[in-house]
file data-v7.csv (CSV, C-alpha atoms)
chain,number,residue,atom,x,y,z
W,125,MET,CA,123.3,-98.7,32.2
W,126,ASN,CA,121.0,-95.8,32.9
W,127,LEU,CA,121.5,-94.9,36.6
W,128,ASP,CA,118.5,-92.5,36.5
W,129,ARG,CA,116.2,-95.4,35.6
W,130,VAL,CA,117.9,-97.7,38.1
W,131,PHE,CA,117.6,-95.4,41.1
W,132,GLY,CA,114.1,-94.4,39.9
W,133,ALA,CA,113.1,-98.0,39.9
W,134,LEU,CA,114.5,-98.6,43.4
W,135,ALA,CA,112.6,-95.6,44.8
W,136,ASP,CA,109.6,-97.7,45.5
W,137,PRO,CA,109.0,-100.2,48.4
W,138,THR,CA,107.0,-102.7,46.3
W,139,ARG,CA,109.7,-102.8,43.6
W,140,ARG,CA,112.4,-103.3,46.3
W,141,ALA,CA,110.2,-106.1,47.8
W,142,ILE,CA,109.9,-107.7,44.4
W,143,LEU,CA,113.7,-107.6,44.0
W,144,ALA,CA,114.1,-109.2,47.4
W,145,ARG,CA,111.8,-112.0,46.4
W,146,LEU,CA,113.6,-112.5,43.1
W,147,ALA,CA,117.0,-112.6,44.9
W,148,ALA,CA,115.8,-115.9,46.4
W,149,GLY,CA,115.2,-117.4,43.0
W,150,GLU,CA,113.2,-117.3,39.7
W,151,VAL,CA,109.4,-116.9,40.0
W,152,THR,CA,106.6,-116.4,37.6
W,153,VAL,CA,104.6,-113.1,37.4
W,154,SER,CA,101.5,-114.7,38.9
W,155,GLU,CA,103.5,-116.3,41.8
W,156,LEU,CA,105.0,-112.8,42.4
W,157,ALA,CA,101.6,-111.1,42.5
W,158,GLU,CA,100.2,-113.5,45.2
W,159,PRO,CA,102.1,-112.3,48.4
W,160,PHE,CA,101.8,-108.7,47.4
W,161,ASP,CA,98.0,-108.8,47.4
W,162,MET,CA,98.1,-106.8,44.1
W,163,SER,CA,96.3,-107.2,40.8
W,164,LEU,CA,98.3,-108.8,38.0
W,165,PRO,CA,98.3,-105.6,36.0
W,166,ALA,CA,99.7,-103.6,39.0
W,167,VAL,CA,102.5,-106.1,39.5
W,168,SER,CA,103.2,-106.1,35.7
W,169,LYS,CA,103.6,-102.3,35.8
W,170,HIS,CA,106.2,-102.5,38.5
W,171,LEU,CA,108.0,-105.3,36.7
W,172,ARG,CA,108.1,-103.2,33.5
W,173,VAL,CA,109.8,-100.4,35.5
W,174,LEU,CA,112.3,-102.9,36.9
W,175,GLU,CA,112.9,-104.5,33.5
W,176,GLN,CA,113.4,-101.2,31.7
W,177,ALA,CA,116.0,-100.3,34.4
W,178,GLY,CA,117.8,-103.6,33.7
W,179,LEU,CA,117.2,-104.8,37.3
W,180,ILE,CA,115.2,-107.9,36.2
W,181,HIS,CA,114.8,-110.1,33.2
W,182,LYS,CA,111.4,-111.5,32.2
W,183,ASP,CA,111.4,-114.6,30.0
W,184,LYS,CA,108.6,-115.4,27.6
W,185,VAL,CA,107.9,-119.1,28.2
W,186,ALA,CA,104.4,-120.1,27.0
W,187,GLN,CA,101.8,-118.8,29.4
W,188,SER,CA,104.2,-118.4,32.4
W,189,ARG,CA,106.5,-115.4,32.7
W,190,PRO,CA,109.5,-116.5,34.8
W,191,CYS,CA,111.3,-113.5,36.2
W,192,ARG,CA,114.9,-113.3,37.5
W,193,ILE,CA,117.0,-110.7,39.0
W,194,GLU,CA,119.9,-109.2,37.0
W,195,PRO,CA,122.7,-108.8,39.6
W,196,LYS,CA,125.0,-106.9,37.1
W,197,THR,CA,122.8,-103.8,37.4
W,198,LEU,CA,122.9,-103.8,41.2
W,199,GLU,CA,126.7,-104.3,40.9
W,200,ALA,CA,126.8,-101.1,38.9
W,201,VAL,CA,125.1,-99.3,41.8
W,202,ASP,CA,127.8,-100.8,44.1
W,203,GLN,CA,130.5,-99.5,41.7
W,204,TRP,CA,128.9,-96.0,41.8
W,205,LEU,CA,129.0,-96.1,45.6
W,206,GLU,CA,132.7,-97.0,45.5
W,207,ASP,CA,133.7,-93.3,45.1
W,208,TYR,CA,131.9,-92.4,48.3
W,209,ARG,CA,132.8,-95.5,50.4
W,210,GLN,CA,136.0,-93.9,51.7
W,211,LEU,CA,133.9,-91.1,53.2
W,212,TRP,CA,132.3,-93.3,55.8
W,213,THR,CA,135.3,-95.6,56.3
W,214,GLU,CA,137.3,-92.4,57.0
W,215,SER,CA,134.7,-91.2,59.6
W,216,LEU,CA,134.8,-94.7,61.2
W,217,ASP,CA,138.6,-94.5,61.3
W,218,ARG,CA,138.3,-91.1,63.0
W,219,LEU,CA,135.9,-92.5,65.5
W,220,GLU,CA,138.3,-95.4,66.2
W,221,ASP,CA,141.1,-92.9,66.7
W,222,TYR,CA,139.0,-91.0,69.1
W,223,LEU,CA,138.0,-94.1,71.1
W,224,LYS,CA,141.7,-95.0,71.3
W,225,THR,CA,142.4,-91.6,72.8
W,226,LEU,CA,139.6,-92.1,75.3
W,227,GLN,CA,141.0,-95.5,76.3
W,228,ALA,CA,144.5,-94.0,76.6
W,229,LYS,CA,143.4,-91.1,78.9
W,230,PRO,CA,142.4,-93.1,82.1
W,231,LYS,CA,145.9,-94.7,81.9
W,232,ALA,CA,147.4,-91.2,81.8
W,233,ARG,CA,145.3,-90.2,84.8
W,234,GLU,CA,146.3,-93.4,86.7
W,235,LYS,CA,150.0,-92.6,86.1
W,236,ARG,CA,149.5,-89.1,87.5
W,237,HIS,CA,147.6,-90.6,90.5
W,238,VAL,CA,150.4,-93.0,91.1
W,239,ARG,CA,153.0,-90.2,90.9
W,240,ARG,CA,151.0,-88.1,93.4
W,241,LYS,CA,150.9,-91.1,95.8
W,242,LYS,CA,154.7,-91.3,95.8
I,282,MET,CA,116.1,-93.3,56.7
I,283,ASN,CA,113.6,-93.2,53.9
I,284,LEU,CA,115.0,-95.3,51.0
I,285,ASP,CA,112.2,-94.1,48.7
I,286,ARG,CA,113.4,-90.5,49.1
I,287,VAL,CA,117.1,-91.5,48.9
I,288,PHE,CA,116.8,-93.5,45.7
I,289,GLY,CA,114.4,-90.8,44.3
I,290,ALA,CA,117.0,-88.1,45.0
I,291,LEU,CA,119.8,-90.2,43.3
I,292,ALA,CA,117.7,-90.7,40.2
I,293,ASP,CA,118.9,-87.4,38.7
I,294,PRO,CA,122.3,-86.7,37.0
I,295,THR,CA,122.6,-83.1,38.3
I,296,ARG,CA,121.9,-84.3,41.9
I,297,ARG,CA,124.5,-87.1,41.5
I,298,ALA,CA,127.0,-84.5,40.1
I,299,ILE,CA,126.3,-82.2,43.1
I,300,LEU,CA,127.0,-85.2,45.5
I,301,ALA,CA,130.3,-85.9,43.6
I,302,ARG,CA,131.3,-82.2,44.1
I,303,LEU,CA,130.4,-82.3,47.8
I,304,ALA,CA,132.4,-85.5,48.3
I,305,ALA,CA,135.5,-83.5,47.6
I,306,GLY,CA,134.6,-81.0,50.4
I,307,GLU,CA,132.2,-78.4,51.8
I,308,VAL,CA,131.0,-75.7,49.4
I,309,THR,CA,128.5,-72.9,49.5
I,310,VAL,CA,125.3,-72.9,47.4
I,311,SER,CA,126.6,-70.2,45.1
I,312,GLU,CA,129.9,-72.0,44.5
I,313,LEU,CA,127.9,-75.1,43.7
I,314,ALA,CA,125.7,-73.3,41.2
I,315,GLU,CA,128.6,-71.9,39.1
I,316,PRO,CA,130.0,-75.1,37.3
I,317,PHE,CA,126.5,-76.4,36.7
I,318,ASP,CA,125.5,-73.3,34.7
I,319,MET,CA,122.2,-73.3,36.5
I,320,SER,CA,120.3,-70.6,38.2
I,321,LEU,CA,120.5,-70.4,42.0
I,322,PRO,CA,116.8,-71.3,42.5
I,323,ALA,CA,117.3,-74.4,40.2
I,324,VAL,CA,120.3,-75.6,42.2
I,325,SER,CA,118.5,-74.8,45.5
I,326,LYS,CA,115.6,-77.0,44.4
I,327,HIS,CA,118.0,-79.9,43.8
I,328,LEU,CA,119.7,-79.3,47.1
I,329,ARG,CA,116.3,-79.4,48.9
I,330,VAL,CA,115.6,-82.9,47.4
I,331,LEU,CA,119.1,-84.1,48.5
I,332,GLU,CA,118.6,-82.5,52.0
I,333,GLN,CA,115.1,-84.0,52.5
I,334,ALA,CA,116.6,-87.4,51.6
I,335,GLY,CA,119.3,-86.9,54.2
I,336,LEU,CA,122.1,-87.1,51.6
I,337,ILE,CA,123.4,-83.6,52.3
I,338,HIS,CA,123.3,-81.1,55.2
I,339,LYS,CA,123.0,-77.3,54.6
I,340,ASP,CA,124.2,-75.0,57.3
I,341,LYS,CA,122.8,-71.5,57.9
I,342,VAL,CA,125.9,-69.4,58.3
I,343,ALA,CA,125.0,-65.7,57.7
I,344,GLN,CA,124.7,-65.1,53.9
I,345,SER,CA,126.6,-68.2,52.8
I,346,ARG,CA,125.0,-71.6,52.9
I,347,PRO,CA,127.8,-74.2,53.3
I,348,CYS,CA,126.7,-77.7,52.1
I,349,ARG,CA,128.3,-80.9,53.1
I,350,ILE,CA,127.6,-84.6,52.2
I,351,GLU,CA,126.1,-86.9,54.8
I,352,PRO,CA,128.0,-90.2,54.2
I,353,LYS,CA,125.7,-92.1,56.7
I,354,THR,CA,122.8,-92.0,54.1
I,355,LEU,CA,125.0,-93.5,51.3
I,356,GLU,CA,126.2,-96.0,53.9
I,357,ALA,CA,122.6,-97.1,54.3
I,358,VAL,CA,122.3,-97.7,50.6
I,359,ASP,CA,125.5,-99.8,50.8
I,360,GLN,CA,123.9,-101.8,53.6
I,361,TRP,CA,120.7,-102.3,51.6
I,362,LEU,CA,122.9,-103.7,48.8
I,363,GLU,CA,124.6,-106.1,51.2
I,364,ASP,CA,121.7,-108.7,50.8
I,365,TYR,CA,122.3,-108.7,47.0
I,366,ARG,CA,126.1,-108.6,47.0
I,367,GLN,CA,126.4,-112.4,47.2
I,368,LEU,CA,124.5,-112.7,43.9
I,369,TRP,CA,127.3,-111.2,41.8
I,370,THR,CA,130.1,-112.6,43.9
I,371,GLU,CA,128.5,-116.0,43.4
I,372,SER,CA,128.3,-115.5,39.6
I,373,LEU,CA,132.0,-114.4,39.7
I,374,ASP,CA,132.8,-117.6,41.6
I,375,ARG,CA,130.9,-119.7,39.0
I,376,LEU,CA,132.8,-117.9,36.2
I,377,GLU,CA,136.1,-118.6,38.0
I,378,ASP,CA,135.2,-122.3,38.4
I,379,TYR,CA,134.3,-122.5,34.7
I,380,LEU,CA,137.7,-120.9,33.8
I,381,LYS,CA,139.5,-123.4,36.0
I,382,THR,CA,137.6,-126.2,34.1
I,383,LEU,CA,138.8,-124.8,30.8
I,384,GLN,CA,142.4,-124.5,32.0
I,385,ALA,CA,142.2,-128.1,33.3
I,386,LYS,CA,140.8,-129.6,30.0
I,387,PRO,CA,143.9,-129.2,27.8
I,388,LYS,CA,145.9,-131.0,30.4
I,389,ALA,CA,143.4,-133.9,30.3
I,390,ARG,CA,143.7,-134.0,26.5
I,391,GLU,CA,147.5,-133.9,26.8
I,392,LYS,CA,147.4,-137.0,29.1
I,393,ARG,CA,145.2,-138.9,26.6
I,394,HIS,CA,147.6,-137.9,23.8
I,395,VAL,CA,150.6,-139.2,25.8
I,396,ARG,CA,148.7,-142.4,26.5
I,397,ARG,CA,147.9,-142.9,22.9
I,398,LYS,CA,151.6,-142.4,21.9
I,399,LYS,CA,152.6,-145.2,24.2

call {"tool": "encode", "arguments": {"input": "data-v7.csv", "output": "structure tokens"}}
result
Amino acid sequence: MNLDRVFGALADPTRRAILARLAAGEVTVSELAEPFDMSLPAVSKHLRVLEQAGLIHKDKVAQSRPCRIEPKTLEAVDQWLEDYRQLWTESLDRLEDYLKTLQAKPKAREKRHVRRKK
Amino acid sequence: MNLDRVFGALADPTRRAILARLAAGEVTVSELAEPFDMSLPAVSKHLRVLEQAGLIHKDKVAQSRPCRIEPKTLEAVDQWLEDYRQLWTESLDRLEDYLKTLQAKPKAREKRHVRRKK
């Protein structure tokens, strides 16, 4: 797994759109080229970058070239993110604590108000 | 959030190592340059790419330049992955089903064996 290649391949909107299309199921190279309004060589170039990164697999079946996504590579990106995940869950926890403090405050004020009334 | 820039910034081992260092806490640019055995301008160039992608924030405090990670940007990568996550959980489920079938098979054979004995 070469994360440089994986992230490099993902740094392009067309390649991410191709991945999104392949996530729905296997398609041939020519079927893939159609919605993108791109030439076959241009699509092939993007597919080569995705294939070299291990994000897709291209079969060689007669004239058609069925492509499918390789979820294992995206799973590796997910595993790389794992070390950082606690950073945003921690900040969400802190926000939750802060919101709890805000919710607790009016009650404290109410109590004081009640005390004053007495 | 520009995912092209984010993935582009992550497509480099030094920049990923800088992020890993910053995940542990805020450090200045010069503290950051030390373990990487790189010149200050070289580190600064990497930091600029990370900053432009929104992955880090560089403060301007007198002579020191404290840097900190921006977890929100990595969280956006995590959200982008969300659409694909079911692809590998599905294949794990399929593997689990297959393993269950394998575990069930010897029992079936045992039953047949018992029947034959009768």

call {"tool": "residues_around", "arguments": {"input": "data-v7.csv", "residues": "Arg366 of chain I", "least_positions_apart": "5", "cutoff": "10 Å", "atoms": "only C-alpha atoms", "output": "JSON, numbers by chain"}}
result
{"W": [195, 198, 199, 202], "I": [359, 360, 361, 371]}

call {"tool": "interface_residues", "arguments": {"input": "data-v7.csv", "of": "chain I", "to": "chain W", "cutoff": "6 Å", "atoms": "only C-alpha atoms", "output": "PyMOL selection string"}}
result
chain I and resi 285+288-289+292-293+352+369

call {"tool": "atom_distance", "arguments": {"input": "data-v7.csv", "atom1": "atom CA of Arg302 of chain I", "atom2": "atom CA of Leu321 of chain I"}}
result
16.1 Å

call {"tool": "closest_residue", "arguments": {"input": "data-v7.csv", "among": "I:Leu303, I:Ala357, I:Val308, I:Met319", "to": "Leu331 of chain I", "atoms": "all atoms listed in the file"}}
result
I:Leu303

call {"tool": "residues_around", "arguments": {"input": "data-v7.csv", "residues": "Ala157 of chain W", "least_positions_apart": "3", "cutoff": "12 Å", "atoms": "only C-alpha atoms", "output": "list of chain:residue names"}}
result
W:Thr138, W:Arg139, W:Ala141, W:Ile142, W:Arg145, W:Val151, W:Thr152, W:Val153, W:Ser154, W:Phe160, W:Asp161, W:Met162, W:Ser163, W:Leu164, W:Pro165, W:Ala166, W:Val167, W:Ser168, W:Lys169, W:His170, W:Leu171, W:Arg189, W:Cys191

call {"tool": "atom_distance", "arguments": {"input": "data-v7.csv", "atom1": "atom CA of Asp340 of chain I", "atom2": "atom CA of Glu315 of chain I"}}
result
19.0 Å

call {"tool": "atom_distance", "arguments": {"input": "data-v7.csv", "atom1": "atom CA of Lys229 of chain W", "atom2": "atom CA of Asp217 of chain W"}}
result
18.6 Å

call {"tool": "decode", "arguments": {"input": "data-v7.csv", "residues": "segment 346-360 of chain I", "atoms": "all heavy atoms", "output": "compact mmCIF listing (two decimals), in the first residue's frame"}}
result
# COMPACT_ATOMS: atom_id res chain seq x y z
N ARG I 346 6.46 30.52 15.68
CA ARG I 346 5.29 30.26 14.82
C ARG I 346 4.64 28.96 15.28
O ARG I 346 4.89 27.89 14.72
CB ARG I 346 5.72 30.10 13.35
CG ARG I 346 6.30 31.34 12.72
CD ARG I 346 5.20 32.15 12.03
NE ARG I 346 5.72 33.31 11.34
CZ ARG I 346 6.02 34.46 11.94
NH1 ARG I 346 5.90 34.58 13.25
NH2 ARG I 346 6.47 35.47 11.24
N PRO I 347 3.82 29.04 16.35
CA PRO I 347 3.21 27.79 16.82
C PRO I 347 2.22 27.22 15.79
O PRO I 347 1.39 27.96 15.25
CB PRO I 347 2.50 28.18 18.12
CG PRO I 347 2.49 29.66 18.16
CD PRO I 347 3.33 30.21 17.07
N CYS I 348 2.35 25.92 15.52
CA CYS I 348 1.47 25.25 14.55
C CYS I 348 0.58 24.27 15.29
O CYS I 348 1.02 23.62 16.22
CB CYS I 348 2.28 24.44 13.55
SG CYS I 348 3.37 25.44 12.57
N ARG I 349 -0.65 24.18 14.85
CA ARG I 349 -1.52 23.15 15.41
C ARG I 349 -2.34 22.50 14.29
O ARG I 349 -2.57 23.10 13.24
CB ARG I 349 -2.43 23.72 16.50
CG ARG I 349 -3.30 24.89 16.08
CD ARG I 349 -4.18 25.35 17.21
NE ARG I 349 -4.74 26.67 16.93
CZ ARG I 349 -5.78 26.91 16.14
NH1 ARG I 349 -6.37 25.91 15.54
NH2 ARG I 349 -6.22 28.15 15.94
N ILE I 350 -2.74 21.27 14.55
CA ILE I 350 -3.52 20.51 13.58
C ILE I 350 -4.97 21.04 13.57
O ILE I 350 -5.43 21.58 14.57
CB ILE I 350 -3.45 19.00 13.94
CG1 ILE I 350 -3.79 18.13 12.74
CG2 ILE I 350 -4.31 18.64 15.15
CD1 ILE I 350 -3.36 16.67 12.92
N GLU I 351 -5.63 20.94 12.43
CA GLU I 351 -7.05 21.33 12.33
C GLU I 351 -7.86 20.05 12.13
O GLU I 351 -8.05 19.60 10.98
CB GLU I 351 -7.26 22.26 11.13
CG GLU I 351 -6.71 23.66 11.28
CD GLU I 351 -7.62 24.61 12.06
OE1 GLU I 351 -8.51 24.13 12.80
OE2 GLU I 351 -7.43 25.83 11.93
N PRO I 352 -8.37 19.44 13.18
CA PRO I 352 -9.03 18.13 13.04
C PRO I 352 -10.25 18.17 12.11
O PRO I 352 -10.56 17.16 11.47
CB PRO I 352 -9.47 17.79 14.47
CG PRO I 352 -8.68 18.69 15.36
CD PRO I 352 -8.41 19.92 14.57
N LYS I 353 -10.89 19.33 11.97
CA LYS I 353 -12.11 19.42 11.15
C LYS I 353 -11.86 18.98 9.70
O LYS I 353 -12.74 18.42 9.06
CB LYS I 353 -12.63 20.86 11.15
CG LYS I 353 -13.62 21.11 12.29
CD LYS I 353 -14.20 22.51 12.20
CE LYS I 353 -15.17 22.76 13.34
NZ LYS I 353 -16.42 21.99 13.20
N THR I 354 -10.66 19.28 9.18
CA THR I 354 -10.36 18.93 7.79
C THR I 354 -10.22 17.42 7.63
O THR I 354 -10.71 16.84 6.66
CB THR I 354 -9.10 19.67 7.32
OG1 THR I 354 -9.31 21.06 7.53
CG2 THR I 354 -8.83 19.45 5.86
N LEU I 355 -9.56 16.78 8.61
CA LEU I 355 -9.44 15.31 8.56
C LEU I 355 -10.81 14.67 8.78
O LEU I 355 -11.09 13.59 8.24
CB LEU I 355 -8.44 14.82 9.60
CG LEU I 355 -6.97 15.08 9.27
CD1 LEU I 355 -6.08 14.67 10.42
CD2 LEU I 355 -6.56 14.31 8.00
N GLU I 356 -11.65 15.35 9.55
CA GLU I 356 -13.01 14.84 9.77
C GLU I 356 -13.79 14.85 8.44
O GLU I 356 -14.59 13.96 8.19
CB GLU I 356 -13.73 15.72 10.81
CG GLU I 356 -14.94 15.04 11.41
CD GLU I 356 -15.69 15.94 12.39
OE1 GLU I 356 -15.21 17.03 12.73
OE2 GLU I 356 -16.79 15.52 12.79
N ALA I 357 -13.50 15.86 7.58
CA ALA I 357 -14.15 15.93 6.27
C ALA I 357 -13.73 14.75 5.40
O ALA I 357 -14.53 14.21 4.63
CB ALA I 357 -13.81 17.25 5.59
N VAL I 358 -12.45 14.33 5.51
CA VAL I 358 -11.97 13.16 4.78
C VAL I 358 -12.72 11.92 5.29
O VAL I 358 -13.15 11.07 4.50
CB VAL I 358 -10.43 12.98 4.96
CG1 VAL I 358 -9.95 11.70 4.31
CG2 VAL I 358 -9.68 14.18 4.38
N ASP I 359 -12.90 11.88 6.60
CA ASP I 359 -13.63 10.77 7.23
C ASP I 359 -15.07 10.72 6.70
O ASP I 359 -15.60 9.64 6.43
CB ASP I 359 -13.62 10.99 8.74
CG ASP I 359 -14.04 9.76 9.52
OD1 ASP I 359 -13.46 8.69 9.25
OD2 ASP I 359 -14.92 9.85 10.38
N GLN I 360 -15.68 11.89 6.54
CA GLN I 360 -17.06 11.95 6.02
C GLN I 360 -17.11 11.53 4.56
O GLN I 360 -18.06 10.90 4.12
CB GLN I 360 -17.64 13.35 6.22
CG GLN I 360 -18.20 13.55 7.62
CD GLN I 360 -18.36 14.99 8.01
OE1 GLN I 360 -18.13 15.90 7.21
NE2 GLN I 360 -18.75 15.23 9.25
